[in-house]
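> Hey, dropping query.csv in here, CSV, C-alpha atoms:
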chain,number,residue,atom,x,y,z
A,1,MET,CA,101.6,65.8,180.8
A,2,LEU,CA,101.8,62.0,181.0
A,3,LYS,CA,102.4,60.1,177.8
A,4,ILE,CA,102.8,56.3,177.8
A,5,THR,CA,104.2,54.7,174.7
A,6,LYS,CA,105.4,51.2,173.8
A,7,THR,CA,107.4,49.8,170.9
A,8,VAL,CA,105.7,47.4,168.6
A,9,GLU,CA,106.9,45.9,165.3
A,10,ASP,CA,105.7,48.7,163.1
A,11,GLY,CA,106.2,51.7,165.3
A,12,LEU,CA,105.2,53.2,168.6
A,13,ILE,CA,101.7,52.9,170.1
A,14,GLU,CA,100.3,55.2,172.8
A,15,LEU,CA,98.6,53.6,175.8
A,16,SER,CA,96.3,54.9,178.5
A,17,PRO,CA,97.2,54.4,182.2
A,18,GLU,CA,94.6,51.6,182.3
A,19,GLN,CA,96.2,49.9,179.3
A,20,VAL,CA,99.8,50.1,180.4
A,21,GLU,CA,101.9,47.0,179.8
A,22,PRO,CA,105.4,45.9,180.8
A,23,GLY,CA,108.0,47.4,178.4
A,24,ALA,CA,106.3,50.7,178.2
A,25,TRP,CA,107.9,54.2,178.4
A,26,LEU,CA,106.2,56.6,180.8
A,27,SER,CA,107.1,60.2,179.9
A,28,LEU,CA,106.2,63.0,182.3
A,29,ILE,CA,106.6,66.7,181.2
A,30,ARG,CA,105.5,69.3,183.7
A,31,PRO,CA,103.5,66.7,185.6
A,32,THR,CA,100.5,67.3,187.8
A,33,ALA,CA,100.2,65.8,191.3
A,34,GLU,CA,97.7,63.3,189.9
A,35,GLU,CA,100.0,62.2,187.1
A,36,LEU,CA,102.9,61.7,189.6
A,37,LEU,CA,100.6,59.6,191.7
A,38,THR,CA,99.5,57.5,188.7
A,39,VAL,CA,103.1,56.8,187.8
A,40,GLU,CA,104.0,55.9,191.4
A,41,ASN,CA,101.1,53.4,191.5
A,42,ILE,CA,102.0,51.9,188.1
A,43,THR,CA,105.7,51.5,188.6
A,44,GLU,CA,105.8,51.2,192.4
A,45,ALA,CA,108.8,53.6,192.3
A,46,PRO,CA,109.7,55.5,195.4
A,47,GLN,CA,108.1,58.9,195.7
A,48,ASP,CA,111.4,60.8,196.0
A,49,PHE,CA,112.6,59.1,192.8
A,50,VAL,CA,109.6,60.3,190.8
A,51,ARG,CA,109.7,63.9,192.2
A,52,ALA,CA,113.5,64.3,192.2
A,53,ALA,CA,113.7,66.0,188.8
A,54,LEU,CA,111.0,68.6,189.7
A,55,ASP,CA,113.6,70.6,191.6
A,56,PRO,CA,115.5,72.8,189.1
A,57,GLU,CA,118.5,73.0,191.4
A,58,GLU,CA,118.8,69.2,191.8
A,59,SER,CA,122.3,67.9,191.1
A,60,SER,CA,123.1,64.9,188.9
A,61,ARG,CA,123.3,61.6,190.7
A,62,ILE,CA,122.4,57.9,190.7
A,63,GLU,CA,120.3,56.2,193.4
A,64,VAL,CA,119.4,52.6,193.8
A,65,GLU,CA,116.5,51.4,195.9
A,66,ASP,CA,115.0,47.9,195.9
A,67,ASN,CA,114.5,47.1,192.2
A,68,HIS,CA,114.5,50.8,191.0
A,69,ILE,CA,117.3,52.9,189.7
A,70,LEU,CA,117.2,56.7,189.4
A,71,VAL,CA,119.6,58.3,187.0
A,72,LEU,CA,119.4,62.1,187.3
A,73,VAL,CA,121.3,64.2,184.8
A,74,ASN,CA,121.2,67.8,183.5
A,75,VAL,CA,120.2,68.3,179.9
A,76,PRO,CA,120.4,71.5,177.8
A,77,VAL,CA,117.2,73.5,177.4
A,78,ASN,CA,116.6,76.5,175.1
A,79,HIS,CA,113.9,78.9,176.0
A,80,GLU,CA,111.5,79.7,173.2
A,81,ASN,CA,111.2,83.3,174.2
A,82,ASN,CA,115.0,83.7,174.2
A,83,PRO,CA,116.7,81.2,172.0
A,84,ASP,CA,120.1,82.8,172.7
A,85,GLU,CA,119.8,81.9,176.4
A,86,TYR,CA,121.6,78.6,177.4
A,87,ASP,CA,120.5,76.8,180.5
A,88,THR,CA,120.1,73.2,181.9
A,89,LEU,CA,117.4,71.4,183.6
A,90,PRO,CA,117.3,68.1,185.6
A,91,LEU,CA,116.1,65.0,183.7
A,92,GLY,CA,115.1,62.1,185.8
A,93,ILE,CA,115.3,58.6,184.3
A,94,ILE,CA,113.9,55.7,186.4
A,95,VAL,CA,114.6,52.1,185.4
A,96,THR,CA,112.2,49.6,186.9
A,97,PRO,CA,111.9,45.8,186.3
A,98,ASP,CA,109.1,46.5,183.8
A,99,TYR,CA,109.1,50.1,182.8
A,100,ILE,CA,111.3,53.1,182.0
A,101,VAL,CA,110.2,56.5,183.3
A,102,THR,CA,111.4,60.0,182.3
A,103,ILE,CA,110.5,63.1,184.2
A,104,CYS,CA,111.4,66.7,183.3
A,105,GLN,CA,109.9,70.1,184.0
A,106,GLU,CA,110.1,71.2,180.3
A,107,ASN,CA,109.9,69.4,177.0
A,108,ASN,CA,113.5,69.1,175.7
A,109,GLU,CA,115.3,68.0,172.6
A,110,ALA,CA,116.8,65.0,174.4
A,111,LEU,CA,113.4,63.4,174.7
A,112,ARG,CA,111.9,64.8,171.5
A,113,SER,CA,114.5,62.8,169.6
A,114,PHE,CA,112.7,59.6,170.4
A,115,THR,CA,109.5,59.9,168.3
A,116,GLU,CA,107.5,57.6,166.2
A,117,THR,CA,109.4,58.6,163.1
A,118,ARG,CA,112.6,57.3,164.7
A,119,PHE,CA,111.2,54.1,166.3
A,120,ARG,CA,113.7,51.9,164.5
A,121,TYR,CA,116.6,53.4,166.4
A,122,PHE,CA,115.3,52.6,169.9
A,123,SER,CA,113.1,50.2,171.8
A,124,THR,CA,111.2,50.8,175.0
A,125,PHE,CA,111.7,47.1,175.8
A,126,LYS,CA,115.4,47.5,175.9
A,127,ARG,CA,115.5,49.7,179.0
A,128,THR,CA,119.3,49.6,179.5
A,129,ARG,CA,120.0,50.6,175.9
A,130,PHE,CA,117.2,53.2,175.9
A,131,LEU,CA,118.8,54.8,179.1
A,132,PHE,CA,122.2,54.9,177.4
A,133,GLN,CA,120.7,56.4,174.2
A,134,ILE,CA,119.1,59.2,176.2
A,135,LEU,CA,122.4,59.9,177.9
A,136,TYR,CA,124.2,59.9,174.5
A,137,ARG,CA,121.6,62.2,173.0
A,138,SER,CA,122.0,64.7,175.9
A,139,ALA,CA,125.8,64.7,175.4
A,140,MET,CA,125.3,65.3,171.7
A,141,LEU,CA,123.0,68.2,172.5
A,142,PHE,CA,125.7,69.8,174.7
A,143,LEU,CA,128.2,69.5,171.9
A,144,LYS,CA,125.7,71.0,169.4
A,145,ASP,CA,125.0,74.0,171.7
A,146,LEU,CA,128.7,74.5,172.3
A,147,ARG,CA,129.3,74.7,168.6
A,148,GLN,CA,126.5,77.3,168.3
A,149,MET,CA,128.1,79.2,171.2
A,150,SER,CA,131.4,79.2,169.3
A,151,GLY,CA,129.8,80.6,166.1
A,152,ARG,CA,127.8,83.2,168.1
A,153,ARG,CA,131.0,84.3,169.9
A,154,ASP,CA,132.7,84.8,166.6
A,155,ARG,CA,129.8,87.0,165.3
A,156,ILE,CA,129.9,89.1,168.5
A,157,ASP,CA,133.7,89.4,168.1
A,158,GLU,CA,133.2,90.9,164.6
A,159,ASN,CA,130.5,93.3,165.8
A,160,LEU,CA,132.7,94.5,168.7
A,161,ARG,CA,135.6,95.2,166.4
A,162,ARG,CA,133.4,97.5,164.4
A,163,SER,CA,131.6,99.2,167.2
A,164,MET,CA,132.1,99.1,171.0
A,165,LYS,CA,128.6,98.8,172.3
A,166,ASN,CA,127.2,97.6,175.6
A,167,ARG,CA,124.9,95.2,173.7
A,168,GLU,CA,127.7,93.0,172.5
A,169,LEU,CA,129.4,93.0,175.9
A,170,PHE,CA,126.1,91.9,177.5
A,171,GLN,CA,125.8,89.1,174.9
A,172,LEU,CA,129.3,87.9,175.8
A,173,LEU,CA,128.3,88.0,179.4
A,174,ASP,CA,125.3,85.8,178.6
A,175,LEU,CA,127.5,83.4,176.8
A,176,GLN,CA,129.9,83.2,179.8
A,177,ASN,CA,127.0,82.5,182.1
A,178,GLY,CA,125.8,79.7,179.8
A,179,LEU,CA,129.2,78.2,179.6
A,180,THR,CA,129.4,78.2,183.4
A,181,TYR,CA,126.1,76.3,183.7
A,182,TYR,CA,127.2,73.9,181.0
A,183,ALA,CA,130.6,73.2,182.6
A,184,MET,CA,129.0,72.4,186.0
A,185,SER,CA,126.3,70.2,184.4
A,186,LEU,CA,128.8,68.3,182.2
A,187,ARG,CA,131.2,67.6,185.1
A,188,SER,CA,128.4,66.2,187.2
A,189,ASN,CA,126.9,64.2,184.3
A,190,ARG,CA,130.4,62.7,183.6
A,191,VAL,CA,130.5,61.5,187.2
A,192,VAL,CA,127.1,59.9,186.8
A,193,VAL,CA,128.3,58.0,183.7
A,194,GLU,CA,131.4,56.8,185.5
A,195,ARG,CA,129.3,55.6,188.5
A,196,LEU,CA,126.8,54.0,186.2
A,197,LEU,CA,129.6,52.1,184.4
A,198,ARG,CA,130.9,50.8,187.8
A,199,LEU,CA,127.5,49.9,189.1
A,200,CYS,CA,126.7,47.9,186.0
A,201,SER,CA,129.4,45.4,187.0
A,202,THR,CA,128.1,45.0,190.5
A,203,ALA,CA,125.6,42.4,191.7
A,204,GLN,CA,123.5,45.2,193.1
A,205,VAL,CA,122.2,46.4,189.8
A,206,SER,CA,123.4,43.7,187.3
A,207,HIS,CA,120.1,41.9,187.5
A,208,MET,CA,118.3,45.2,186.6
A,209,ILE,CA,120.7,46.6,184.0
A,210,LYS,CA,122.0,43.9,181.7
A,211,LEU,CA,124.9,45.1,179.7
A,212,ARG,CA,125.2,43.7,176.2
A,213,GLU,CA,128.4,44.2,174.2
A,214,GLU,CA,126.7,46.9,172.0
A,215,ASP,CA,125.5,48.6,175.2
A,216,GLU,CA,129.0,48.8,176.6
A,217,ASP,CA,130.2,50.4,173.4
A,218,LEU,CA,127.3,52.9,173.6
A,219,LEU,CA,128.2,53.8,177.2
A,220,ASP,CA,131.8,54.2,176.2
A,221,ASP,CA,130.7,56.6,173.5
A,222,VAL,CA,128.7,58.5,176.0
A,223,ARG,CA,131.7,58.9,178.2
A,224,VAL,CA,133.9,60.0,175.2
A,225,GLU,CA,131.2,62.6,174.1
A,226,TYR,CA,131.0,64.0,177.6
A,227,ASP,CA,134.8,64.2,177.8
A,228,GLN,CA,134.8,66.1,174.5
A,229,ALA,CA,132.1,68.4,175.7
A,230,ILE,CA,133.9,69.2,178.9
A,231,GLU,CA,137.1,70.0,177.0
A,232,MET,CA,135.2,72.2,174.5
A,233,THR,CA,133.6,74.0,177.4
A,234,GLN,CA,136.9,74.6,179.1
A,235,VAL,CA,138.5,75.9,175.9
A,236,GLN,CA,135.6,78.2,175.1
A,237,THR,CA,135.5,79.5,178.7
A,238,ASN,CA,139.2,80.4,178.4
A,239,VAL,CA,138.8,82.0,175.0
A,240,LEU,CA,135.8,84.0,176.2
A,241,ALA,CA,137.6,85.1,179.3
A,242,GLY,CA,140.5,86.3,177.2
A,243,MET,CA,138.1,88.1,174.8
A,244,MET,CA,136.4,89.9,177.7
A,245,ASP,CA,139.8,91.0,179.1
A,246,ALA,CA,141.0,92.1,175.7
A,247,PHE,CA,137.9,94.2,174.9
A,248,ALA,CA,137.9,95.7,178.4
A,249,SER,CA,141.5,96.9,177.7
A,250,VAL,CA,140.4,98.1,174.3
A,251,ILE,CA,137.5,100.1,175.7
A,252,SER,CA,139.7,101.5,178.4
A,253,ASN,CA,142.4,102.5,175.8
A,254,ASN,CA,139.7,104.1,173.6
A,255,LEU,CA,138.5,106.1,176.6
A,256,ASN,CA,142.1,107.3,177.3
A,257,ILE,CA,142.5,108.3,173.6
A,258,VAL,CA,139.2,110.3,173.7
A,259,MET,CA,140.2,112.0,177.0
A,260,LYS,CA,143.7,112.8,175.6
A,261,PHE,CA,142.1,114.4,172.5
A,262,LEU,CA,139.6,116.4,174.6
A,263,ALA,CA,142.4,117.7,176.8
A,264,SER,CA,144.5,118.8,173.8
A,265,VAL,CA,141.5,120.5,172.3
A,266,THR,CA,140.9,122.3,175.6
A,267,ILE,CA,144.5,123.5,175.7
A,268,VAL,CA,144.3,124.8,172.1
A,269,LEU,CA,141.0,126.6,172.7
A,270,ALA,CA,142.3,128.1,175.9
A,271,ILE,CA,145.1,130.0,174.2
A,272,PRO,CA,143.0,132.5,172.1
A,273,THR,CA,140.8,132.9,175.2
A,274,MET,CA,143.8,133.8,177.3
A,275,VAL,CA,145.1,136.3,174.7
A,276,ALA,CA,141.7,137.9,174.4
A,277,SER,CA,141.5,138.1,178.2
A,278,PHE,CA,144.8,139.9,178.4
A,279,PHE,CA,144.0,142.5,175.8
A,280,GLY,CA,140.5,142.9,177.1
A,281,MET,CA,141.6,144.2,180.5
A,282,ASN,CA,140.5,147.7,181.5
A,283,VAL,CA,144.1,149.0,181.8
A,284,PRO,CA,146.5,150.5,179.4
A,285,ILE,CA,147.6,147.9,176.8
A,286,PRO,CA,149.9,147.8,173.7
A,287,TRP,CA,148.3,148.9,170.5
A,288,GLU,CA,145.4,150.4,172.3
A,289,GLY,CA,145.0,153.2,169.9
A,290,HIS,CA,146.5,151.5,166.9
A,291,PRO,CA,144.1,151.1,163.9
A,292,MET,CA,145.3,147.6,163.4
A,293,GLY,CA,145.4,146.7,167.1
A,294,PHE,CA,142.6,144.1,166.8
A,295,ALA,CA,144.2,142.4,163.8
A,296,ILE,CA,147.5,142.3,165.7
A,297,VAL,CA,145.9,140.6,168.7
A,298,CYS,CA,144.2,138.1,166.5
A,299,ILE,CA,147.5,137.3,164.7
A,300,ILE,CA,149.2,136.8,168.0
A,301,ALA,CA,146.5,134.4,169.2
A,302,LEU,CA,146.6,132.5,165.9
A,303,ILE,CA,150.4,132.1,166.0
A,304,LEU,CA,150.3,130.9,169.6
A,305,THR,CA,147.5,128.5,168.8
A,306,ILE,CA,149.3,127.1,165.8
A,307,ALA,CA,152.5,126.7,167.9
A,308,ALA,CA,150.5,124.8,170.5
A,309,ILE,CA,149.0,122.5,167.9
A,310,VAL,CA,152.4,121.7,166.4
A,311,VAL,CA,153.8,120.9,169.9
A,312,LEU,CA,150.9,118.7,170.7
A,313,TRP,CA,151.0,117.0,167.3
A,314,ARG,CA,154.7,116.1,167.7
A,315,LYS,CA,153.9,114.7,171.1
A,316,LYS,CA,151.1,112.6,169.5
A,317,LEU,CA,148.5,114.1,171.6
A,318,PHE,CA,146.2,114.7,168.6
So that I can check it, write out the structure of this file as structure tokens.


Amino acid sequence: MLKITKTVEDGLIELSPEQVEPGAWLSLIRPTAEELLTVENITEAPQDFVRAALDPEESSRIEVEDNHILVLVNVPVNHENNPDEYDTLPLGIIVTPDYIVTICQENNEALRSFTETRFRYFSTFKRTRFLFQILYRSAMLFLKDLRQMSGRRDRIDENLRRSMKNRELFQLLDLQNGLTYYAMSLRSNRVVVERLLRLCSTAQVSHMIKLREEDEDLLDDVRVEYDQAIEMTQVQTNVLAGMMDAFASVISNNLNIVMKFLASVTIVLAIPTMVASFFGMNVPIPWEGHPMGFAIVCIIALILTIAAIVVLWRKKLF
């Protein structure tokens, strides 16, 4: 889907490809080949720039070619069919002399934040500031998801303390996978921000990305937010790894307790069976003709069983 918008005094207006004007924002979500070609013709951006974000395994980076800058970062994306699954997708941002272009395979919250109802907070004309605002929004989304992960981890922890089930352990494993993806994406995004900060002071891109004082402050905020997100990811990863190890030990200990109890029960049940086996042999035995012989045998089995229970109880095997 290709959507072209432009900031005007009273909001955002949507343009067709034939009406496109300098200062417009071209947003591509799950683009078709025809839409990609249309954007290439309008912006004269290199083909590999426009198609870079279509590879879900593409790594974050910055490329400069002629008068075009590609900033490729990973942004959080939550799947509608599984809101508890955390993943990232590449988001390509192309800054040209007249336009700003965003390309992503899925509609995401980082771009949905820039809607007509929030037009006062951004301008498609100010391409540099708009670029930094998208980066800042993506960093805030990482922090938001990390806080959600922390709350979800606490809930899983409470459930696991009440009942040791595989479902909760699989949920912890999903969280661990999500944190791994986030940690990798955040580190690579942080490198992109650092390189962008250095490039803005070079003659190579200074004529394309003009830094105002407020833009520098915003880029510093982006860097701080990414640093905070990286630290939170590291802390949560360590906490989650400790939880997994602790619960694995608890499960193993519970299994040992169950096996110990079953072994003790087996010993106790074996004693009357053994006594009955002795007195059930087809050979002469004591009290064979005694009228109370059966009762005596039962009493002997009961005494031995009680003695075994007392011994096992003292050894804390029950």

> Choose the residue, out of A:Val73, A:Ile13, A:Ala307, A:Ile4, that has the smallest atom-to-atom separation from Arg61 (chain A); count all atoms listed in the file.

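Of all the options, A:Val73 lies closest to Arg61 (chain A).
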
> Within 10 Å of (149.6, 111.2, 170.7) (file coordinates; all atoms listed in the file), which protein or nucleic acid residues are there? I'd like them as a PyMOL selection string.

chain A and resi 257+260-261+264+312-318

> Just the residues within 9 Å of Ile100 (chain A), please, counting only C-alpha atoms, with nothing from its chain fewer than 3 positions along; format it as a list of chain:residue names.

A:Gly23, A:Ala24, A:Trp25, A:Leu26, A:Ser27, A:Thr43, A:Ile93, A:Ile94, A:Val95, A:Thr96, A:Pro97, A:Thr124, A:Phe125, A:Arg127, A:Phe130, A:Leu131

> State, in Å with one decimal place, the distance from CA of Thr233 (chain A) to CA of Asp55 (chain A).

24.8 Å

> Scan for residues within 12 Å of the point (113.4, 59.7, 188.8) in the coordinates of the file, using all atoms listed in the file, and reply as a ChimeraX atom specification.

/A:26-28,36,39-40,43-55,58,60-65,68-73,90-96,100-105

> Extract, using only C-alpha atoms, all DNA, RNA and protein residues at most 12 Å from Val239 (chain A), discarding same-chain residues fewer than 4 positions from it, and format them as a PyMOL selection string.

chain A and resi 149-150+153-154+157+172+175-176+179+232-235+243-246

> Please produce an output containing C-alpha atoms for each residue in the selection, written as a PDB file, in the frame of the given file.


ATOM      1  CA  MET A 149     128.100  79.200 171.200  1.00  0.00           C
ATOM      2  CA  SER A 150     131.400  79.200 169.300  1.00  0.00           C
ATOM      3  CA  ARG A 153     131.000  84.300 169.900  1.00  0.00           C
ATOM      4  CA  ASP A 154     132.700  84.800 166.600  1.00  0.00           C
ATOM      5  CA  ASP A 157     133.700  89.400 168.100  1.00  0.00           C
ATOM      6  CA  LEU A 172     129.300  87.900 175.800  1.00  0.00           C
ATOM      7  CA  LEU A 175     127.500  83.400 176.800  1.00  0.00           C
ATOM      8  CA  GLN A 176     129.900  83.200 179.800  1.00  0.00           C
ATOM      9  CA  LEU A 179     129.200  78.200 179.600  1.00  0.00           C
ATOM     10  CA  MET A 232     135.200  72.200 174.500  1.00  0.00           C
ATOM     11  CA  THR A 233     133.600  74.000 177.400  1.00  0.00           C
ATOM     12  CA  GLN A 234     136.900  74.600 179.100  1.00  0.00           C
ATOM     13  CA  VAL A 235     138.500  75.900 175.900  1.00  0.00           C
ATOM     14  CA  MET A 243     138.100  88.100 174.800  1.00  0.00           C
ATOM     15  CA  MET A 244     136.400  89.900 177.700  1.00  0.00           C
ATOM     16  CA  ASP A 245     139.800  91.000 179.100  1.00  0.00           C
ATOM     17  CA  ALA A 246     141.000  92.100 175.700  1.00  0.00           C
TER      18      ALA A 246
END

> Once N, CA and C atoms are restored for region 281-292 of chain A, what would the output be as a short mmCIF file (atom, residue, chain, number, x, y, z; two decimals), in the frame of the given file?


data_model
loop_
_atom_site.label_atom_id
_atom_site.label_comp_id
_atom_site.auth_asym_id
_atom_site.auth_seq_id
_atom_site.Cartn_x
_atom_site.Cartn_y
_atom_site.Cartn_z
N MET A 281 141.54 143.63 179.19
CA MET A 281 141.60 144.20 180.50
C MET A 281 141.36 145.73 180.45
N ASN A 282 140.76 146.26 181.47
CA ASN A 282 140.50 147.70 181.50
C ASN A 282 141.66 148.46 182.10
N VAL A 283 142.84 148.27 181.47
CA VAL A 283 144.10 149.00 181.80
C VAL A 283 144.80 149.31 180.54
N PRO A 284 145.79 150.21 180.59
CA PRO A 284 146.50 150.50 179.40
C PRO A 284 147.21 149.27 178.80
N ILE A 285 147.07 149.05 177.50
CA ILE A 285 147.60 147.90 176.80
C ILE A 285 148.31 148.30 175.56
N PRO A 286 149.24 147.47 175.03
CA PRO A 286 149.90 147.80 173.70
C PRO A 286 148.87 147.90 172.62
N TRP A 287 149.15 148.75 171.66
CA TRP A 287 148.30 148.90 170.50
C TRP A 287 146.89 149.33 170.79
N GLU A 288 146.78 150.02 171.92
CA GLU A 288 145.40 150.40 172.30
C GLU A 288 144.79 151.37 171.35
N GLY A 289 145.57 152.30 170.84
CA GLY A 289 145.00 153.20 169.90
C GLY A 289 145.40 152.97 168.46
N HIS A 290 146.07 151.88 168.23
CA HIS A 290 146.50 151.50 166.90
C HIS A 290 145.35 151.08 166.03
N PRO A 291 145.26 151.53 164.76
CA PRO A 291 144.10 151.10 163.90
C PRO A 291 144.10 149.64 163.62
N MET A 292 145.28 148.99 163.65
CA MET A 292 145.30 147.60 163.40
C MET A 292 145.49 146.75 164.67
#
